[in-house]
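Asks: final.txt is reproduced below (compact mmCIF, C-alpha atoms).
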```
# COMPACT_ATOMS: atom_id res chain seq x y z
CA MET A 1 54.19 -42.18 4.25
CA VAL A 2 55.93 -40.99 1.10
CA VAL A 3 52.70 -39.50 -0.25
CA GLY A 4 52.21 -37.50 2.92
CA SER A 5 55.72 -36.09 2.82
CA VAL A 6 55.39 -35.01 -0.82
CA ALA A 7 52.08 -33.29 -0.04
CA ALA A 8 53.76 -31.50 2.86
CA ILE A 9 56.55 -30.29 0.55
CA GLY A 10 53.91 -29.04 -1.88
CA ALA A 11 52.09 -27.17 0.89
CA GLY A 12 55.42 -25.69 2.00
CA LEU A 13 56.24 -24.48 -1.52
CA ALA A 14 52.78 -22.89 -1.74
CA ALA A 15 53.45 -21.15 1.58
CA ILE A 16 56.72 -19.73 0.19
CA GLY A 17 54.90 -18.38 -2.85
CA ALA A 18 52.14 -16.81 -0.77
CA GLY A 19 54.72 -15.38 1.63
CA ILE A 20 56.57 -13.63 -1.21
CA GLY A 21 53.27 -12.40 -2.65
CA ILE A 22 51.91 -10.99 0.61
CA GLY A 23 55.34 -9.47 1.35
CA GLN A 24 55.26 -7.65 -1.98
CA ILE A 25 51.72 -6.40 -1.29
CA GLY A 26 52.73 -5.15 2.16
CA LYS A 27 55.81 -3.46 0.72
CA GLY A 28 53.76 -1.74 -1.96
CA ALA A 29 51.12 -0.61 0.53
CA VAL A 30 53.63 0.77 3.03
CA GLU A 31 55.48 2.64 0.28
CA GLY A 32 52.21 4.01 -1.01
CA ILE A 33 51.13 5.16 2.45
CA ALA A 34 54.55 6.76 3.05
CA ARG A 35 54.19 8.79 -0.14
CA GLN A 36 50.53 9.64 0.34
CA PRO A 37 49.49 9.35 3.99
CA GLU A 38 46.07 10.85 3.20
CA ALA A 39 45.23 7.81 1.02
CA ALA A 40 46.14 5.39 3.82
CA ASN A 41 42.61 4.04 4.39
CA GLU A 42 41.94 3.30 0.75
CA ILE A 43 45.36 1.68 0.29
CA ARG A 44 44.88 -0.44 3.39
CA SER A 45 41.54 -1.88 2.28
CA ASN A 46 42.89 -2.62 -1.19
CA MET A 47 45.92 -4.24 0.40
CA ILE A 48 43.77 -6.58 2.50
CA VAL A 49 41.70 -7.62 -0.52
CA ALA A 50 44.82 -8.30 -2.59
CA ALA A 51 46.36 -10.25 0.28
CA ALA A 52 43.19 -12.37 0.49
CA PHE A 53 43.54 -13.19 -3.21
CA VAL A 54 47.16 -14.29 -2.75
CA GLU A 55 46.22 -16.31 0.32
CA ALA A 56 43.47 -18.05 -1.65
CA VAL A 57 46.03 -19.30 -4.21
CA ALA A 58 48.09 -20.80 -1.38
CA LEU A 59 44.95 -22.43 0.01
CA PHE A 60 44.18 -23.93 -3.43
CA ALA A 61 47.56 -25.63 -3.14
CA VAL A 62 46.76 -26.80 0.40
CA VAL A 63 43.47 -28.30 -0.81
CA VAL A 64 45.30 -30.10 -3.63
CA ALA A 65 47.87 -31.35 -1.10
CA LEU A 66 45.07 -32.64 1.16
CA LEU A 67 43.35 -34.35 -1.79
CA GLY A 68 46.63 -35.94 -2.83
CA ASN A 69 47.12 -37.09 0.72
CA GLY A 70 43.70 -38.67 1.17
CA MET B 71 66.07 -2.93 28.51
CA SER B 72 62.40 -3.94 28.52
CA PHE B 73 62.88 -5.55 25.12
CA LEU B 74 65.61 -7.79 26.56
CA ARG B 75 63.41 -8.75 29.47
CA ILE B 76 60.53 -9.75 27.18
CA LYS B 77 62.94 -11.74 25.05
CA THR B 78 64.27 -13.70 28.01
CA LEU B 79 60.73 -14.32 29.21
CA LEU B 80 59.74 -15.62 25.80
CA VAL B 81 62.79 -17.88 25.59
CA ALA B 82 62.09 -19.22 29.09
CA SER B 83 58.43 -19.95 28.39
CA PHE B 84 59.12 -21.61 25.03
CA SER B 85 61.86 -23.80 26.48
CA LEU B 86 59.54 -24.76 29.34
CA ILE B 87 56.91 -25.86 26.83
CA ALA B 88 59.53 -27.69 24.79
CA VAL B 89 60.85 -29.55 27.83
CA LEU B 90 57.33 -30.49 28.94
CA SER B 91 56.42 -31.79 25.51
CA VAL B 92 59.66 -33.78 25.15
CA THR B 93 59.32 -35.49 28.52
CA ASN B 94 55.69 -36.27 27.79
CA SER B 95 56.38 -37.78 24.40
CA PHE B 96 59.14 -39.94 25.88
CA ALA B 97 56.76 -41.04 28.59
CA ASN B 98 54.18 -41.97 25.96
CA GLU B 99 56.68 -44.02 24.00
CA ASN B 100 57.59 -46.00 27.09
CA ALA B 101 53.97 -46.53 27.99
CA ASN B 102 53.13 -47.73 24.49
CA GLU B 103 56.12 -50.06 24.41
CA GLY B 104 55.09 -51.58 27.70
CA VAL B 105 51.50 -52.18 26.63
CA LYS B 106 51.38 -54.71 23.82
CA GLU B 107 47.61 -55.01 23.56
CA PRO B 108 46.46 -53.14 20.45
CA ALA B 109 43.02 -52.26 21.84
CA LYS B 110 44.44 -50.43 24.83
CA LYS B 111 47.01 -48.64 22.70
CA GLN B 112 44.29 -47.34 20.42
CA GLU B 113 42.35 -45.88 23.30
CA GLY B 114 45.40 -44.09 24.70
CA SER B 115 46.69 -42.61 21.45
CA PHE B 116 45.17 -39.41 20.09
CA ASN B 117 44.63 -39.14 16.35
CA VAL B 118 44.83 -35.46 15.40
CA THR B 119 43.76 -35.82 11.76
CA GLU B 120 40.73 -37.90 12.68
CA THR B 121 39.65 -35.49 15.43
CA ILE B 122 39.97 -32.42 13.20
CA LEU B 123 38.18 -34.01 10.24
CA GLU B 124 35.39 -35.18 12.55
CA HIS B 125 34.81 -31.57 13.62
CA ILE B 126 34.88 -30.23 10.10
CA LYS B 127 32.64 -32.68 8.32
CA ASP B 128 28.88 -32.89 8.31
CA ASP B 129 27.14 -35.02 10.95
CA HIS B 130 23.77 -36.52 11.85
CA SER B 131 23.79 -35.13 15.39
CA TRP B 132 24.43 -31.62 16.69
CA HIS B 133 26.49 -31.49 19.86
CA LEU B 134 25.15 -29.20 22.62
CA TRP B 135 27.26 -29.65 25.76
CA GLY B 136 28.78 -32.53 27.73
CA ASP B 137 27.11 -35.70 26.47
CA LYS B 138 23.97 -33.86 25.33
CA SER B 139 23.34 -33.54 21.63
CA ILE B 140 20.42 -33.08 19.25
CA HIS B 141 19.75 -36.16 17.15
CA LEU B 142 18.62 -34.85 13.80
CA PRO B 143 16.17 -36.79 11.65
CA VAL B 144 17.43 -39.16 8.97
CA ILE B 145 15.34 -39.05 5.80
CA LEU B 146 16.00 -41.81 3.29
CA LYS B 147 14.46 -42.56 -0.07
CA THR B 148 14.79 -46.16 -1.19
CA SER B 149 13.01 -48.37 -3.70
CA LYS B 150 10.33 -48.87 -1.01
CA GLY B 151 9.63 -45.14 -0.67
CA PHE B 152 10.54 -42.58 1.97
CA GLU B 153 11.52 -43.41 5.52
CA VAL B 154 12.10 -41.05 8.45
CA PHE B 155 13.72 -41.98 11.77
CA SER B 156 15.93 -40.38 14.41
CA SER B 157 19.69 -40.59 13.90
CA GLU B 158 19.87 -41.75 17.54
CA LYS B 159 18.99 -45.23 16.29
CA LEU B 160 22.09 -45.39 14.07
CA VAL B 161 24.57 -45.12 16.96
CA ASP B 162 24.86 -46.83 20.36
CA GLU B 163 25.74 -45.08 23.64
CA HIS B 164 29.47 -45.12 22.75
CA HIS B 165 28.82 -43.32 19.42
CA GLU B 166 29.70 -46.50 17.52
CA PRO B 167 27.54 -47.15 14.43
CA VAL B 168 24.94 -49.89 14.82
CA VAL B 169 22.53 -51.48 12.37
CA TYR B 170 19.01 -49.97 12.26
CA LYS B 171 16.29 -52.22 10.86
CA GLY B 172 13.79 -50.20 8.83
CA ASN B 173 12.62 -51.12 5.33
CA PHE B 174 16.23 -52.21 4.87
CA ASP B 175 19.10 -52.66 7.34
CA TYR B 176 20.90 -49.30 7.55
CA LYS B 177 24.33 -48.63 8.98
CA LEU B 178 26.64 -45.62 8.99
CA ILE B 179 29.84 -46.49 7.12
CA GLU B 180 32.42 -43.67 7.35
CA GLY B 181 29.66 -41.17 8.08
CA LYS B 182 27.50 -42.22 5.13
CA THR B 183 24.26 -44.21 5.47
CA LYS B 184 24.47 -47.52 3.60
CA ILE B 185 22.27 -50.58 3.28
CA VAL B 186 23.91 -53.66 4.79
CA ASP B 187 23.03 -57.36 4.56
CA ALA B 188 22.62 -59.80 7.42
CA ASN B 189 26.39 -60.21 7.84
CA GLY B 190 26.99 -56.46 8.16
CA ASN B 191 28.56 -56.07 4.71
CA VAL B 192 27.56 -53.23 2.42
CA ASP B 193 24.90 -54.21 -0.10
CA LYS B 194 26.19 -52.23 -3.08
CA GLU B 195 23.23 -52.86 -5.38
CA ALA B 196 20.65 -51.70 -2.82
CA SER B 197 22.85 -48.79 -1.63
CA LYS B 198 22.90 -47.41 -5.17
CA GLN B 199 19.16 -46.75 -4.97
CA LEU B 200 19.47 -45.09 -1.57
CA TRP B 201 19.01 -41.32 -1.52
CA ASP B 202 20.02 -39.69 1.75
CA VAL B 203 18.15 -36.38 2.11
CA SER B 204 18.58 -36.19 5.88
CA ILE B 205 18.48 -32.95 7.83
CA THR B 206 22.14 -33.03 8.84
CA LYS B 207 24.03 -30.55 11.01
CA ASN B 208 24.82 -28.33 8.01
CA VAL B 209 21.21 -28.31 6.84
CA ALA B 210 19.96 -27.46 10.34
CA SER B 211 22.58 -24.71 10.61
CA LEU B 212 21.45 -23.38 7.24
CA PHE B 213 17.89 -23.22 8.64
CA VAL B 214 19.22 -21.22 11.61
CA SER B 215 21.01 -18.75 9.35
CA VAL B 216 17.98 -18.42 7.08
CA PHE B 217 15.82 -17.73 10.15
CA ILE B 218 18.26 -15.04 11.38
CA LEU B 219 18.40 -13.46 7.91
CA LEU B 220 14.61 -13.47 7.54
CA VAL B 221 14.07 -11.87 10.96
CA VAL B 222 16.74 -9.19 10.47
CA LEU B 223 16.04 -8.34 6.83
CA LEU B 224 12.24 -8.55 6.89
CA SER B 225 11.99 -6.40 10.02
CA SER B 226 14.22 -3.71 8.54
CA ALA B 227 12.34 -3.95 5.23
CA ALA B 228 9.05 -3.51 7.10
CA ALA B 229 10.47 -0.38 8.79
CA TYR B 230 11.27 1.09 5.36
CA LYS B 231 7.76 0.31 4.15
CA LYS B 232 6.27 2.09 7.16
CA THR B 233 8.39 5.25 7.33
CA GLY B 234 9.87 5.38 3.84
CA VAL B 235 13.38 6.63 3.15
CA LYS B 236 12.73 10.20 4.30
CA THR B 237 13.34 9.68 8.03
CA ALA B 238 16.58 8.61 9.69
CA PRO B 239 16.97 4.81 10.09
CA LYS B 240 16.11 3.33 13.50
CA GLY B 241 17.22 0.21 15.37
CA LEU B 242 18.13 -2.71 13.08
CA GLN B 243 17.65 -0.44 10.11
CA SER B 244 20.63 1.70 11.07
CA PHE B 245 22.73 -1.45 11.37
CA MET B 246 21.71 -2.88 8.01
CA GLU B 247 21.67 0.31 5.94
CA PRO B 248 25.47 0.93 5.93
CA ILE B 249 26.15 -2.71 4.97
CA ILE B 250 23.66 -2.63 2.11
CA LEU B 251 25.01 0.72 0.95
CA PHE B 252 28.51 -0.72 1.15
CA VAL B 253 27.50 -3.58 -1.17
CA ARG B 254 25.87 -1.12 -3.55
CA ASP B 255 28.55 1.58 -3.61
CA GLU B 256 31.71 -0.52 -3.24
CA VAL B 257 30.72 -3.76 -4.95
CA ALA B 258 27.85 -3.39 -7.42
CA VAL B 259 28.18 0.10 -8.90
CA PRO B 260 31.97 0.14 -9.61
CA ASN B 261 31.88 -3.31 -11.23
CA ILE B 262 28.54 -3.42 -13.03
CA GLY B 263 27.87 0.27 -13.62
CA ALA B 264 25.28 2.55 -12.05
CA LYS B 265 22.71 1.90 -14.80
CA LYS B 266 22.51 -1.90 -14.47
CA ALA B 267 23.59 -2.35 -10.84
CA GLY B 268 20.05 -2.11 -9.46
CA LYS B 269 18.94 -5.16 -11.43
CA TYR B 270 21.61 -7.36 -9.82
CA MET B 271 21.50 -5.91 -6.29
CA PRO B 272 18.99 -8.50 -4.94
CA PHE B 273 21.23 -11.36 -6.11
CA LEU B 274 24.44 -9.79 -4.80
CA LEU B 275 22.89 -8.92 -1.42
CA THR B 276 21.51 -12.45 -1.09
CA ILE B 277 24.86 -14.16 -1.63
CA PHE B 278 26.68 -11.58 0.50
CA PHE B 279 24.43 -11.94 3.55
CA LEU B 280 24.10 -15.72 3.19
CA ILE B 281 27.88 -16.22 3.11
CA LEU B 282 28.46 -13.65 5.87
CA THR B 283 25.91 -15.20 8.24
CA ASN B 284 27.16 -18.73 7.66
CA ASN B 285 30.80 -17.67 8.08
CA PHE B 286 30.03 -16.00 11.41
CA LEU B 287 27.85 -18.90 12.62
CA GLY B 288 30.69 -21.27 11.77
CA LEU B 289 33.02 -19.31 14.05
CA ILE B 290 30.76 -19.77 17.09
CA PRO B 291 32.14 -22.91 18.76
CA PHE B 292 28.92 -23.95 20.56
CA PHE B 293 25.33 -24.82 19.70
CA PRO B 294 23.66 -22.29 17.39
CA GLY B 295 26.87 -22.23 15.38
CA GLY B 296 29.60 -24.80 15.17
CA ALA B 297 28.56 -26.31 11.86
CA ASN B 298 31.01 -25.83 9.02
CA VAL B 299 28.48 -24.72 6.40
CA SER B 300 30.51 -22.33 4.25
CA GLY B 301 33.46 -24.74 4.53
CA ASN B 302 31.35 -27.38 2.82
CA ILE B 303 32.18 -27.73 -0.87
CA ALA B 304 28.58 -28.60 -1.81
CA PHE B 305 27.36 -25.32 -0.31
CA THR B 306 30.00 -23.22 -2.09
CA MET B 307 29.38 -25.15 -5.30
CA THR B 308 25.68 -24.27 -5.18
CA LEU B 309 26.55 -20.58 -4.79
CA ALA B 310 29.08 -20.80 -7.62
CA VAL B 311 26.55 -22.51 -9.90
CA CYS B 312 24.09 -19.67 -9.13
CA VAL B 313 26.75 -17.13 -10.12
CA PHE B 314 27.53 -19.15 -13.27
CA ILE B 315 23.87 -19.17 -14.31
CA VAL B 316 23.33 -15.47 -13.60
CA VAL B 317 26.52 -14.43 -15.42
CA ASN B 318 25.86 -16.51 -18.51
CA LEU B 319 22.16 -15.70 -18.75
CA SER B 320 22.81 -11.96 -18.52
CA ALA B 321 25.73 -12.07 -20.96
CA ASN B 322 25.30 -9.95 -24.07
CA LYS B 323 26.46 -10.48 -27.65
CA SER B 324 29.81 -8.77 -27.28
CA TYR B 325 30.71 -11.00 -24.30
CA TRP B 326 30.25 -14.15 -26.36
CA GLU B 327 32.02 -12.50 -29.28
CA HIS B 328 35.01 -11.83 -27.02
CA ILE B 329 35.03 -15.49 -25.99
CA PHE B 330 34.61 -17.27 -29.32
CA TRP B 331 35.96 -14.75 -31.85
CA MET B 332 38.12 -12.15 -30.09
CA PRO B 333 37.78 -8.92 -32.11
CA GLY B 334 40.84 -7.10 -33.38
CA MET B 335 43.07 -10.17 -33.57
CA HIS B 336 44.58 -12.11 -36.43
CA TRP B 337 42.45 -15.17 -37.29
CA SER B 338 45.11 -17.61 -36.09
CA MET B 339 45.20 -15.86 -32.73
CA LYS B 340 41.39 -15.97 -32.57
CA LEU B 341 41.48 -19.76 -33.05
CA PHE B 342 44.11 -20.01 -30.34
CA LEU B 343 42.24 -17.82 -27.84
CA ALA B 344 38.76 -19.33 -28.22
CA PRO B 345 39.39 -22.56 -26.23
CA ILE B 346 41.28 -20.66 -23.53
CA GLU B 347 38.43 -18.16 -23.11
CA LEU B 348 35.89 -21.00 -23.13
CA ILE B 349 37.73 -22.75 -20.29
CA GLY B 350 37.78 -19.40 -18.48
CA VAL B 351 33.96 -19.37 -18.46
CA PHE B 352 34.03 -22.49 -16.26
CA THR B 353 37.15 -21.82 -14.19
CA LYS B 354 35.78 -18.52 -12.87
CA PRO B 355 32.93 -20.09 -10.84
CA ILE B 356 35.15 -23.05 -9.92
CA SER B 357 37.72 -20.68 -8.42
CA LEU B 358 34.91 -18.93 -6.52
CA MET B 359 33.85 -22.30 -5.13
CA ILE B 360 37.32 -23.39 -4.05
CA ARG B 361 38.33 -19.98 -2.66
CA LEU B 362 35.46 -19.81 -0.16
CA PHE B 363 35.68 -23.51 0.72
CA ALA B 364 39.44 -23.48 1.25
CA ASN B 365 39.53 -20.25 3.25
CA ILE B 366 36.85 -21.25 5.72
CA THR B 367 38.02 -24.86 6.05
CA ALA B 368 41.64 -23.78 6.54
CA GLY B 369 40.55 -21.39 9.29
CA HIS B 370 38.65 -24.15 11.09
CA ILE B 371 41.58 -26.58 10.73
CA LEU B 372 43.97 -23.95 12.09
CA VAL B 373 41.94 -23.27 15.24
CA LEU B 374 41.28 -26.97 15.81
CA SER B 375 44.94 -27.95 15.43
CA LEU B 376 45.96 -25.26 17.93
CA ILE B 377 43.45 -26.65 20.42
CA CYS B 378 44.66 -30.19 19.58
CA LEU B 379 48.15 -29.17 20.76
CA ILE B 380 46.86 -29.49 24.33
CA PHE B 381 45.85 -33.10 23.71
CA ILE B 382 49.04 -33.93 21.82
CA PHE B 383 51.26 -32.70 24.66
CA LYS B 384 48.83 -34.12 27.24
CA THR B 385 49.48 -31.23 29.60
CA VAL B 386 47.29 -28.34 30.65
CA PHE B 387 50.31 -26.02 30.35
CA ALA B 388 50.19 -26.29 26.55
CA SER B 389 46.98 -24.26 26.72
CA ALA B 390 49.10 -21.28 27.81
CA ILE B 391 50.35 -21.18 24.22
CA ALA B 392 47.44 -22.82 22.41
CA VAL B 393 44.56 -20.71 23.74
CA PRO B 394 46.04 -17.24 23.09
CA PHE B 395 47.04 -18.37 19.60
CA ALA B 396 43.57 -19.79 18.99
CA VAL B 397 42.03 -16.47 20.08
CA PHE B 398 44.44 -14.60 17.81
CA ILE B 399 43.56 -16.85 14.83
CA GLY B 400 39.90 -16.43 15.76
CA MET B 401 40.26 -12.67 15.43
CA ILE B 402 41.88 -13.10 12.01
CA GLU B 403 39.06 -15.48 11.07
CA LEU B 404 36.51 -12.76 11.91
CA LEU B 405 38.25 -10.57 9.32
CA VAL B 406 38.45 -13.47 6.85
CA ALA B 407 34.74 -14.27 7.36
CA PHE B 408 33.80 -10.76 6.26
CA LEU B 409 36.51 -10.58 3.61
CA GLN B 410 35.51 -13.82 1.89
CA ALA B 411 31.85 -12.77 1.76
CA PHE B 412 32.98 -9.44 0.28
CA ILE B 413 35.37 -11.04 -2.23
CA PHE B 414 32.83 -13.62 -3.37
CA THR B 415 30.27 -10.87 -3.97
CA MET B 416 32.80 -8.56 -5.59
CA LEU B 417 34.01 -11.23 -8.01
CA ALA B 418 30.43 -12.21 -8.83
CA ALA B 419 29.70 -8.53 -9.55
CA MET B 420 32.88 -8.29 -11.62
CA TYR B 421 31.93 -11.32 -13.73
CA ILE B 422 28.43 -9.90 -14.22
CA GLY B 423 29.99 -6.57 -15.16
CA MET B 424 32.24 -8.26 -17.73
CA ALA B 425 29.27 -10.13 -19.20
CA THR B 426 27.02 -7.06 -19.52
CA GLU B 427 29.62 -4.48 -20.55
CA GLU B 428 28.85 -2.51 -23.72
CA HIS B 429 31.87 -2.40 -26.01
CA HIS B 430 32.62 0.34 -28.49
CA HIS B 431 34.24 -1.22 -31.46
CA GLU B 432 36.02 1.74 -33.08
CA GLY B 433 39.42 0.69 -31.76
CA HIS B 434 38.99 -2.91 -32.75
CA ALA B 435 37.69 -2.09 -36.20
CA GLU B 436 40.68 0.13 -36.87
CA ALA B 437 43.04 -2.62 -35.76
CA ALA B 438 41.33 -5.08 -38.09
CA HIS B 439 41.88 -2.78 -41.09
CA HIS B 440 45.65 -2.72 -40.67
```
I need this file expressed as structure tokens, please.

Replies:
Amino acid sequence: MVVGSVAAIGAGLAAIGAGIGIGQIGKGAVEGIARQPEAANEIRSNMIVAAAFVEAVALFAVVVALLGNG
Amino acid sequence: MSFLRIKTLLVASFSLIAVLSVTNSFANENANEGVKEPAKKQEGSFNVTETILEHIKDDHSWHLWGDKSIHLPVILKTSKGFEVFSSEKLVDEHHEPVVYKGNFDYKLIEGKTKIVDANGNVDKEASKQLWDVSITKNVASLFVSVFILLVVLLSSAAAYKKTGVKTAPKGLQSFMEPIILFVRDEVAVPNIGAKKAGKYMPFLLTIFFLILTNNFLGLIPFFPGGANVSGNIAFTMTLAVCVFIVVNLSANKSYWEHIFWMPGMHWSMKLFLAPIELIGVFTKPISLMIRLFANITAGHILVLSLICLIFIFKTVFASAIAVPFAVFIGMIELLVAFLQAFIFTMLAAMYIGMATEEHHHEGHAEAAHH
């Protein structure tokens, strides 16, 4: 029971980190598009790729949490 | 005004769901308290973790519809040679594992085939010599994706052979050409360089299309799909090992120099950096492996847990929330399926680019003189 709860806290902390990271990416992309609307498509695709990288780090943590749980 | 109306609607629907779930869970508690028999309790309770893991992991049978499923062949290699039999013989009609008497007595223990003795206990000595090379659900699904890839790619390749590149693409060709050009112009050329990109294009296209097809097949909930191939760590590890081999075999002298004896640094810093860079050689493919595995598995778990909400609340009204959310996550997973194939290929191309890059040492040499 205790192990499960600690793993859940770890997964939650990872979610906070990924949330901050994706928020920063979104902020940067929206600011970039506001300054240069003509580059919107390129910025958007780069934003999605960067967001996927950040998400992957959070999922690493989820995998570790699952392994610690099992 | 309309905003307020939507808000009230949302609040009403959420509170309805909450009330339904609360009353149901209270009802369950009472029912479970009343029934003291453990066997009956087990049948009534619904284990979410078990259900989700059962859908994610590999299996010996491939579910079609209702109670119909394909029983895939079990292929075992033991000290008495190879043995092939249907996986139907390892389970009874209630999907409970039973003992099959072949050269040895086989039984499925936690999804793995083991040799058991007369009392039904695992014979550890004999099980050590057991090699399970069965065609499982993942292997069969891999055959399906290979078949799709062969049909699509060979037919478009044949069209190029017949008409050449002078005429406009037709049919499947016009579907495949933009994707292949995308891999060349967005993935290979910027990372490897126009001169060397052609040499690595076959490898990059192979991993891209293999991951893409398996990701999409995994998203189909029924028969031809439904297996979790790219969410299987053995599958992603094989791809990562391929990338590791290609990167390190194509690495040039300056790549190894940058790993073991970083140019332009003080000797103490070089000693400090060498082990870190050496670990980096291995962590790069490992991160590729875990990234693909975790992304696809997490997507499957997410959809399954949303669907499981219906069975947790034990009401059909929960599907009003669960199904739209599952469709929404499914749409995101379509994006992720493409994105992960793209990112895996792009990182592989980037690592190859780093390994084959030609360095000009003027800057470093100058730094070393000072």

Asks: Please check the contacts: residues of chain A at most 10 Å away from chain B, using all atoms listed in the file, listed as a ChimeraX atom specification.

Replies: /A:48-50,52-53,55-63

Asks: Can you spit out the residues from that selection as a PDB file, in the coordinates of the input, using C-alpha atoms?

Replies:
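part.pdb was written with the following content:
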```
ATOM      1  CA  ILE A  48      43.770  -6.580   2.500  1.00  0.00           C
ATOM      2  CA  VAL A  49      41.700  -7.620  -0.520  1.00  0.00           C
ATOM      3  CA  ALA A  50      44.820  -8.300  -2.590  1.00  0.00           C
ATOM      4  CA  ALA A  52      43.190 -12.370   0.490  1.00  0.00           C
ATOM      5  CA  PHE A  53      43.540 -13.190  -3.210  1.00  0.00           C
ATOM      6  CA  GLU A  55      46.220 -16.310   0.320  1.00  0.00           C
ATOM      7  CA  ALA A  56      43.470 -18.050  -1.650  1.00  0.00           C
ATOM      8  CA  VAL A  57      46.030 -19.300  -4.210  1.00  0.00           C
ATOM      9  CA  ALA A  58      48.090 -20.800  -1.380  1.00  0.00           C
ATOM     10  CA  LEU A  59      44.950 -22.430   0.010  1.00  0.00           C
ATOM     11  CA  PHE A  60      44.180 -23.930  -3.430  1.00  0.00           C
ATOM     12  CA  ALA A  61      47.560 -25.630  -3.140  1.00  0.00           C
ATOM     13  CA  VAL A  62      46.760 -26.800   0.400  1.00  0.00           C
ATOM     14  CA  VAL A  63      43.470 -28.300  -0.810  1.00  0.00           C
TER      15      VAL A  63
END
```

Asks: Measure the distance from atom CA of B:Val393 to atom CA of A:Ile9 in Å and round it to one decimal.

Replies: 27.8 Å

Asks: Just give me the gap between atom CA of A:Asn41 and atom CA of B:Val235 in Å, one decimal is fine.

Replies: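 That distance, rounded to one decimal, is 29.4 Å.
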
Asks: Enter the distance from atom CA of B:Leu287 to atom CA of B:Leu220, in Å, rounded to one decimal.

Replies: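 Between atom CA of B:Leu287 and atom CA of B:Leu220 the gap is 15.2 Å.
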
Asks: Restricting the calculation to only C-alpha atoms: of A:Val64, A:Leu13, A:Met47, A:Val54, which residue gets closest to A:Gly32?

Replies: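 Residue with the minimum atom-to-atom distance to A:Gly32: A:Met47.
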
Asks: Reconstruct stretch 49-63 of chain A at the level of N, CA and C atoms, and format the result as a compact mmCIF listing (two decimals), keeping the file's coordinate frame.

Replies:
```
# COMPACT_ATOMS: atom_id res chain seq x y z
N VAL A 49 42.38 -6.83 0.52
CA VAL A 49 41.70 -7.62 -0.52
C VAL A 49 42.72 -8.36 -1.37
N ALA A 50 43.80 -7.65 -1.76
CA ALA A 50 44.82 -8.30 -2.59
C ALA A 50 45.49 -9.43 -1.82
N ALA A 51 45.73 -9.21 -0.53
CA ALA A 51 46.36 -10.25 0.28
C ALA A 51 45.45 -11.48 0.37
N ALA A 52 44.13 -11.25 0.44
CA ALA A 52 43.19 -12.37 0.49
C ALA A 52 43.25 -13.18 -0.80
N PHE A 53 43.43 -12.47 -1.93
CA PHE A 53 43.54 -13.19 -3.21
C PHE A 53 44.78 -14.08 -3.23
N VAL A 54 45.91 -13.52 -2.76
CA VAL A 54 47.16 -14.29 -2.75
C VAL A 54 47.02 -15.49 -1.83
N GLU A 55 46.41 -15.24 -0.66
CA GLU A 55 46.22 -16.31 0.32
C GLU A 55 45.37 -17.44 -0.27
N ALA A 56 44.35 -17.05 -1.07
CA ALA A 56 43.47 -18.05 -1.65
C ALA A 56 44.26 -18.99 -2.56
N VAL A 57 45.23 -18.44 -3.32
CA VAL A 57 46.03 -19.30 -4.21
C VAL A 57 46.81 -20.32 -3.39
N ALA A 58 47.36 -19.87 -2.25
CA ALA A 58 48.09 -20.80 -1.38
C ALA A 58 47.16 -21.87 -0.84
N LEU A 59 45.90 -21.46 -0.53
CA LEU A 59 44.95 -22.43 0.01
C LEU A 59 44.49 -23.42 -1.06
N PHE A 60 44.45 -22.97 -2.34
CA PHE A 60 44.18 -23.93 -3.43
C PHE A 60 45.20 -25.05 -3.35
N ALA A 61 46.47 -24.65 -3.19
CA ALA A 61 47.56 -25.63 -3.14
C ALA A 61 47.39 -26.55 -1.93
N VAL A 62 46.96 -25.99 -0.80
CA VAL A 62 46.76 -26.80 0.40
C VAL A 62 45.66 -27.82 0.17
N VAL A 63 44.58 -27.37 -0.52
CA VAL A 63 43.47 -28.30 -0.81
C VAL A 63 43.97 -29.42 -1.71
```
